[in-house]
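*Asks:* If you scroll down you'll find the structure; I have some questions about it.
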Amino acid sequence: MRVVAGRFGGHTLVAPRGRVTRPTSDRVREALFSILGDSVEGARVLDLFAGSGALAIEALSRGARDAVLIDSSAVAVAAIRRNLEAVGAGAEVRRQPALAYLEAARRDARLYDLVFLDPPYRHASALGKQLSAALGPVLASGARVVTESDRRAPLELDLDLLDERRYGDTLIRIHGS
């Protein structure tokens, strides 16, 4: 796994050990960021269920202003920190459940322009309503929310669907606020 493009392009990233994390493939990240285009430049990014941090790091590499990476796994948080250090990027990293972070971000009036949601596939379909309700207060005007899930059990959000792509069993959806 590597950073596909931008100022960190070509840097190798590590994935958390074990079977819990399923990193977004280079091919899917490349296609996703091609779709997102210039909207990444200057964006405030939130990467929930961050895993290796590859999505947020790719966004930072392509000009995002800053990023917050959230994962509840200590192993994932350690991998994220290693990856940020390896590419020389700064970002806020927290070991915290995604819904708990969204509640805290709402209280702190934090707003994000680009949000990545890539929960474990086995939990994705059950999280849609909770995530939809919790996301609303932290989305800046014109924000994009990118979800990744299994095409057979998609993550359904109560947001406008702008684009949808399938890559094998992976379903990528881009929603607007």
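Numbering starts fresh at 1 for the residues of each chain in the structure tokens, the chains themselves are lettered A, B, ... in the order given, and ligands are numbered from 1 as they appear.
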Extract the full set of alpha helix (DSSP H) residues from segment 101-164 of chain A according to DSSP on the backbone, and format it as a VMD selection string.

*Replies:* chain A and resid 101 to 107 121 to 135

*Asks:* What's around Leu111 of chain A at 10 Å? Count only C-alpha atoms, leave out sequence neighbours fewer than 2 positions away in its own chain, and write the answer as a list in words.

*Replies:*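 Returned residues: Arg44, Val45, Leu46, Ala105, Arg106, Asp108, Ala109, Asp113, Leu114, Leu135, Gly136, Pro137, Val138, Leu139, Ala140, Ser141 and Ala143 of chain A.
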
*Asks:* Go ahead and write the residues just picked, all heavy atoms, as a tab-separated table (two decimals), in the first residue's frame.

*Replies:*
```tsv
chain	number	residue	atom	x	y	z
A	44	ARG	N	-10.96	20.57	5.18
A	44	ARG	CA	-10.81	20.06	6.55
A	44	ARG	C	-11.38	18.65	6.52
A	44	ARG	O	-12.56	18.46	6.26
A	44	ARG	CB	-11.58	20.94	7.53
A	44	ARG	CG	-10.97	22.35	7.64
A	44	ARG	CD	-11.94	23.31	8.24
A	44	ARG	NE	-13.06	23.40	7.27
A	44	ARG	CZ	-14.08	24.21	7.38
A	44	ARG	NH1	-14.19	25.00	8.41
A	44	ARG	NH2	-15.04	24.24	6.47
A	45	VAL	N	-10.53	17.66	6.82
A	45	VAL	CA	-10.85	16.25	6.61
A	45	VAL	C	-11.07	15.53	7.94
A	45	VAL	O	-10.32	15.72	8.89
A	45	VAL	CB	-9.71	15.54	5.83
A	45	VAL	CG1	-9.95	14.05	5.72
A	45	VAL	CG2	-9.55	16.18	4.46
A	46	LEU	N	-12.10	14.69	7.96
A	46	LEU	CA	-12.36	13.79	9.08
A	46	LEU	C	-12.37	12.37	8.53
A	46	LEU	O	-13.13	12.07	7.60
A	46	LEU	CB	-13.70	14.11	9.74
A	46	LEU	CG	-14.16	13.17	10.85
A	46	LEU	CD1	-13.16	13.13	12.00
A	46	LEU	CD2	-15.55	13.57	11.33
A	105	ALA	N	-17.29	16.47	18.64
A	105	ALA	CA	-17.07	17.46	17.58
A	105	ALA	C	-18.27	18.40	17.47
A	105	ALA	O	-18.12	19.59	17.24
A	105	ALA	CB	-16.81	16.76	16.25
A	106	ARG	N	-19.47	17.85	17.63
A	106	ARG	CA	-20.68	18.68	17.61
A	106	ARG	C	-20.64	19.69	18.75
A	106	ARG	O	-20.88	20.88	18.54
A	106	ARG	CB	-21.93	17.83	17.72
A	106	ARG	CG	-23.23	18.65	17.68
A	106	ARG	CD	-24.45	17.85	18.09
A	106	ARG	NE	-24.36	17.32	19.44
A	106	ARG	CZ	-24.57	18.03	20.55
A	106	ARG	NH1	-24.84	19.31	20.49
A	106	ARG	NH2	-24.49	17.45	21.74
A	108	ASP	N	-18.07	20.87	20.24
A	108	ASP	CA	-16.97	21.81	20.00
A	108	ASP	C	-17.18	22.66	18.74
A	108	ASP	O	-16.31	23.45	18.39
A	108	ASP	CB	-15.63	21.07	19.88
A	108	ASP	CG	-15.23	20.38	21.16
A	108	ASP	OD1	-15.78	20.73	22.24
A	108	ASP	OD2	-14.36	19.48	21.10
A	109	ALA	N	-18.31	22.45	18.07
A	109	ALA	CA	-18.64	23.17	16.83
A	109	ALA	C	-17.58	23.01	15.75
A	109	ALA	O	-17.28	23.93	15.00
A	109	ALA	CB	-18.90	24.65	17.12
A	113	ASP	N	-15.14	19.55	5.78
A	113	ASP	CA	-15.49	19.66	4.37
A	113	ASP	C	-15.52	18.31	3.67
A	113	ASP	O	-16.21	18.14	2.67
A	113	ASP	CB	-14.45	20.53	3.64
A	113	ASP	CG	-14.31	21.89	4.28
A	113	ASP	OD1	-15.31	22.61	4.38
A	113	ASP	OD2	-13.18	22.22	4.72
A	114	LEU	N	-14.75	17.36	4.19
A	114	LEU	CA	-14.63	16.04	3.57
A	114	LEU	C	-14.54	15.00	4.69
A	114	LEU	O	-13.66	15.09	5.54
A	114	LEU	CB	-13.37	15.99	2.69
A	114	LEU	CG	-13.07	14.70	1.95
A	114	LEU	CD1	-14.21	14.30	1.02
A	114	LEU	CD2	-11.76	14.83	1.17
A	135	LEU	N	-23.62	12.93	11.97
A	135	LEU	CA	-22.80	13.68	11.00
A	135	LEU	C	-23.31	15.08	10.72
A	135	LEU	O	-22.53	16.01	10.57
A	135	LEU	CB	-22.74	12.93	9.67
A	135	LEU	CG	-21.70	11.85	9.53
A	135	LEU	CD1	-21.95	11.07	8.25
A	135	LEU	CD2	-20.31	12.44	9.54
A	136	GLY	N	-24.62	15.23	10.63
A	136	GLY	CA	-25.22	16.50	10.23
A	136	GLY	C	-24.59	17.73	10.87
A	136	GLY	O	-24.19	18.66	10.17
A	137	PRO	N	-24.48	17.77	12.20
A	137	PRO	CA	-23.95	18.97	12.86
A	137	PRO	C	-22.47	19.26	12.63
A	137	PRO	O	-22.00	20.34	12.95
A	137	PRO	CB	-24.19	18.69	14.35
A	137	PRO	CG	-25.23	17.63	14.40
A	137	PRO	CD	-25.03	16.82	13.16
A	138	VAL	N	-21.72	18.32	12.06
A	138	VAL	CA	-20.28	18.56	11.86
A	138	VAL	C	-19.91	18.76	10.39
A	138	VAL	O	-18.74	18.91	10.06
A	138	VAL	CB	-19.40	17.43	12.46
A	138	VAL	CG1	-19.70	17.25	13.94
A	138	VAL	CG2	-19.56	16.12	11.72
A	139	LEU	N	-20.91	18.83	9.52
A	139	LEU	CA	-20.65	19.01	8.10
A	139	LEU	C	-20.73	20.49	7.73
A	139	LEU	O	-21.73	21.14	7.97
A	139	LEU	CB	-21.66	18.22	7.25
A	139	LEU	CG	-21.61	16.70	7.40
A	139	LEU	CD1	-22.69	16.06	6.54
A	139	LEU	CD2	-20.24	16.15	7.06
A	140	ALA	N	-19.66	20.98	7.12
A	140	ALA	CA	-19.65	22.34	6.61
A	140	ALA	C	-20.57	22.42	5.40
A	140	ALA	O	-20.91	21.40	4.79
A	140	ALA	CB	-18.22	22.73	6.20
A	141	SER	N	-20.97	23.61	5.04
A	141	SER	CA	-21.78	23.80	3.85
A	141	SER	C	-21.04	23.26	2.63
A	141	SER	O	-19.86	23.55	2.43
A	141	SER	CB	-22.07	25.29	3.67
A	141	SER	OG	-22.78	25.50	2.49
A	143	ALA	N	-20.20	20.16	2.13
A	143	ALA	CA	-19.31	19.04	2.49
A	143	ALA	C	-19.61	17.81	1.66
A	143	ALA	O	-20.73	17.61	1.17
A	143	ALA	CB	-19.45	18.72	3.98
```

*Asks:* Can you work out the spacing between atom CA of Gln96 of chain A and atom CA of Ser72 of chain A in Å, to one decimal?

*Replies:*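 Spanning atom CA of Gln96 of chain A to atom CA of Ser72 of chain A is a straight-line distance of 4.6 Å.
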
*Asks:* Measure the distance from atom CA of Ala124 of chain A to atom CA of Ala104 of chain A in Å and round it to one decimal.

*Replies:*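 So the two atoms, atom CA of Ala124 of chain A and atom CA of Ala104 of chain A, lie 21.4 Å apart.
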
*Asks:* When you look at Leu99 of chain A with a cut-off of 8 Å (counting only C-alpha atoms), what residues show up, excluding the ones that are within fewer than 3 positions of it in the same chain? I need them as a PyMOL selection string.

*Replies:* chain A and resi 102-103+130-131+134

*Asks:* Would you return as a PyMOL selection string the members of segment 90-150 of chain A that DSSP assigns to strand (DSSP E) on this structure's backbone?

*Replies:* chain A and resi 92-95+112-117+139-150

*Asks:* May I ask which of the residues A:Ala79, A:Tyr112, A:Gly42, A:Thr170 is the closest one to Gly142 of chain A, counting only C-alpha atoms?

*Replies:* A:Tyr112

*Asks:* Just how far from atom CA of Arg144 of chain A is atom CA of Val68 of chain A, in Å to one decimal?

*Replies:*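 Rounded to one decimal, the two atoms are 15.3 Å apart.
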
*Asks:* Give me the residues within 7 Å of Ala98 of chain A as a PyMOL selection string, counting only C-alpha atoms and dropping any in the same chain fewer than 5 places off.

*Replies:* chain A and resi 48-49+70-71

*Asks:* For Lys129 of chain A, list every protein, DNA or RNA residue within 9 Å, evaluated using only C-alpha atoms, and leave out those in the same chain fewer than 5 positions away; present the list as a PyMOL selection string.

*Replies:* chain A and resi 134+156-158

*Asks:* Include N, CA and C atoms and write out the residues we just selected as a PDB file, in the first residue's frame.

*Replies:*
```
ATOM      1  N   ALA A 134     -25.595  11.768  13.539  1.00  0.00           N
ATOM      2  CA  ALA A 134     -24.426  12.359  14.199  1.00  0.00           C
ATOM      3  C   ALA A 134     -23.592  13.224  13.256  1.00  0.00           C
ATOM      4  N   GLU A 156     -25.908   2.932   4.337  1.00  0.00           N
ATOM      5  CA  GLU A 156     -26.950   3.848   3.858  1.00  0.00           C
ATOM      6  C   GLU A 156     -26.959   5.089   4.739  1.00  0.00           C
ATOM      7  N   LEU A 157     -26.799   6.258   4.132  1.00  0.00           N
ATOM      8  CA  LEU A 157     -26.850   7.521   4.858  1.00  0.00           C
ATOM      9  C   LEU A 157     -28.043   8.340   4.377  1.00  0.00           C
ATOM     10  N   ASP A 158     -28.592   9.142   5.272  1.00  0.00           N
ATOM     11  CA  ASP A 158     -29.693  10.044   4.923  1.00  0.00           C
ATOM     12  C   ASP A 158     -29.130  11.371   4.422  1.00  0.00           C
TER      13      ASP A 158
END
```

*Asks:* Tell me which of A:Gly9, A:Gly51, A:Gly128, A:Gly168 sits closest to Ala74 of chain A, counting only C-alpha atoms.

*Replies:*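 Among the listed residues, the smallest separation from Ala74 of chain A belongs to A:Gly51.
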
*Asks:* Rank A:Leu60, A:Ala86, A:Ile35, A:Leu55 by their smallest atom-to-atom distance to Val14 of chain A, using only C-alpha atoms, and report the top residue only.

*Replies:*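 Going through A:Leu60, A:Ala86, A:Ile35, A:Leu55 one by one, the smallest distance to Val14 of chain A is for A:Ala86.
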
*Asks:* Neighbouring residues of Gly88 of chain A were defined as those with any atom within 12 Å, considering only C-alpha atoms; residues of the same chain fewer than 2 positions away were excluded. Please report them as a CSV table (one decimal) with N, CA, C and O atoms, in the first residue's frame.

*Replies:*
```
chain,number,residue,atom,x,y,z
A,7,ARG,N,2.1,15.4,-2.8
A,7,ARG,CA,3.5,15.6,-2.2
A,7,ARG,C,4.0,14.4,-1.5
A,7,ARG,O,5.2,14.3,-1.3
A,8,PHE,N,3.2,13.5,-1.0
A,8,PHE,CA,3.7,12.3,-0.4
A,8,PHE,C,3.6,11.1,-1.3
A,8,PHE,O,3.8,9.9,-0.9
A,9,GLY,N,3.3,11.3,-2.6
A,9,GLY,CA,3.2,10.2,-3.6
A,9,GLY,C,4.3,9.3,-3.6
A,9,GLY,O,5.5,9.7,-3.5
A,11,HIS,N,5.2,7.2,-1.2
A,11,HIS,CA,5.5,6.7,0.1
A,11,HIS,C,4.7,5.4,0.5
A,11,HIS,O,3.5,5.3,0.2
A,57,ILE,N,-4.4,10.6,4.7
A,57,ILE,CA,-3.0,10.9,4.2
A,57,ILE,C,-3.0,11.2,2.8
A,57,ILE,O,-2.3,12.1,2.3
A,60,LEU,N,-4.3,14.7,2.6
A,60,LEU,CA,-3.3,15.7,2.9
A,60,LEU,C,-2.2,15.8,1.8
A,60,LEU,O,-1.7,16.9,1.5
A,61,SER,N,-1.9,14.7,1.2
A,61,SER,CA,-0.9,14.7,0.1
A,61,SER,C,-1.4,15.5,-1.0
A,61,SER,O,-0.6,16.2,-1.7
A,81,ARG,N,-0.2,6.6,13.2
A,81,ARG,CA,0.9,7.4,13.7
A,81,ARG,C,2.2,7.1,12.9
A,81,ARG,O,3.0,8.0,12.6
A,82,ARG,N,2.5,5.8,12.7
A,82,ARG,CA,3.7,5.4,12.0
A,82,ARG,C,3.6,6.0,10.5
A,82,ARG,O,4.6,6.5,10.0
A,83,ASN,N,2.4,5.9,9.9
A,83,ASN,CA,2.3,6.3,8.5
A,83,ASN,C,2.4,7.8,8.4
A,83,ASN,O,3.1,8.3,7.5
A,84,LEU,N,1.8,8.6,9.4
A,84,LEU,CA,2.0,10.0,9.4
A,84,LEU,C,3.4,10.4,9.5
A,84,LEU,O,3.9,11.3,8.8
A,85,GLU,N,4.1,9.8,10.4
A,85,GLU,CA,5.6,10.0,10.7
A,85,GLU,C,6.4,9.7,9.4
A,85,GLU,O,7.3,10.5,9.0
A,86,ALA,N,6.0,8.6,8.8
A,86,ALA,CA,6.8,8.2,7.6
A,86,ALA,C,6.7,9.2,6.4
A,86,ALA,O,7.7,9.4,5.7
A,90,GLY,N,1.5,16.1,9.6
A,90,GLY,CA,0.9,16.3,10.9
A,90,GLY,C,-0.6,16.2,10.8
A,90,GLY,O,-1.2,16.6,9.9
A,91,ALA,N,-1.2,15.6,11.8
A,91,ALA,CA,-2.7,15.4,11.9
A,91,ALA,C,-3.0,15.1,13.3
A,91,ALA,O,-2.2,14.5,14.1
```

*Asks:* Would you kindly return, as a list in words, each protein, DNA or RNA residue with an atom no farther than 6 Å from any atom of Asp163 of chain A, considering only C-alpha atoms and excluding same-chain residues fewer than 2 positions away?

*Replies:*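 Once the adjacent positions are removed, what remains is Leu161, Arg173 and Ile174 of chain A.
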
*Asks:* Got time to write the residues from that selection, all heavy atoms, as a PDB file, in the first residue's frame?

*Replies:*
```pdb
ATOM      1  N   LEU A 161     -27.185  11.534  -2.349  1.00  0.00           N
ATOM      2  CA  LEU A 161     -26.197  10.705  -3.039  1.00  0.00           C
ATOM      3  C   LEU A 161     -25.785  11.403  -4.330  1.00  0.00           C
ATOM      4  O   LEU A 161     -26.619  11.679  -5.190  1.00  0.00           O
ATOM      5  CB  LEU A 161     -26.773   9.323  -3.345  1.00  0.00           C
ATOM      6  CG  LEU A 161     -25.840   8.341  -4.030  1.00  0.00           C
ATOM      7  CD1 LEU A 161     -24.633   8.024  -3.155  1.00  0.00           C
ATOM      8  CD2 LEU A 161     -26.592   7.064  -4.380  1.00  0.00           C
ATOM      9  N   ARG A 173     -19.559   5.399  -2.207  1.00  0.00           N
ATOM     10  CA  ARG A 173     -20.629   6.375  -2.417  1.00  0.00           C
ATOM     11  C   ARG A 173     -20.127   7.744  -1.958  1.00  0.00           C
ATOM     12  O   ARG A 173     -19.451   7.855  -0.927  1.00  0.00           O
ATOM     13  CB  ARG A 173     -21.865   6.019  -1.615  1.00  0.00           C
ATOM     14  CG  ARG A 173     -22.613   4.828  -2.184  1.00  0.00           C
ATOM     15  CD  ARG A 173     -23.835   4.539  -1.383  1.00  0.00           C
ATOM     16  NE  ARG A 173     -24.682   3.569  -2.083  1.00  0.00           N
ATOM     17  CZ  ARG A 173     -25.672   2.914  -1.509  1.00  0.00           C
ATOM     18  NH1 ARG A 173     -25.971   3.145  -0.239  1.00  0.00           N
ATOM     19  NH2 ARG A 173     -26.385   2.066  -2.196  1.00  0.00           N
ATOM     20  N   ILE A 174     -20.483   8.759  -2.725  1.00  0.00           N
ATOM     21  CA  ILE A 174     -20.143  10.126  -2.351  1.00  0.00           C
ATOM     22  C   ILE A 174     -21.456  10.869  -2.146  1.00  0.00           C
ATOM     23  O   ILE A 174     -22.310  10.916  -3.045  1.00  0.00           O
ATOM     24  CB  ILE A 174     -19.293  10.808  -3.435  1.00  0.00           C
ATOM     25  CG1 ILE A 174     -17.997  10.020  -3.649  1.00  0.00           C
ATOM     26  CG2 ILE A 174     -18.993  12.255  -3.027  1.00  0.00           C
ATOM     27  CD1 ILE A 174     -17.145  10.502  -4.799  1.00  0.00           C
TER      28      ILE A 174
END
```
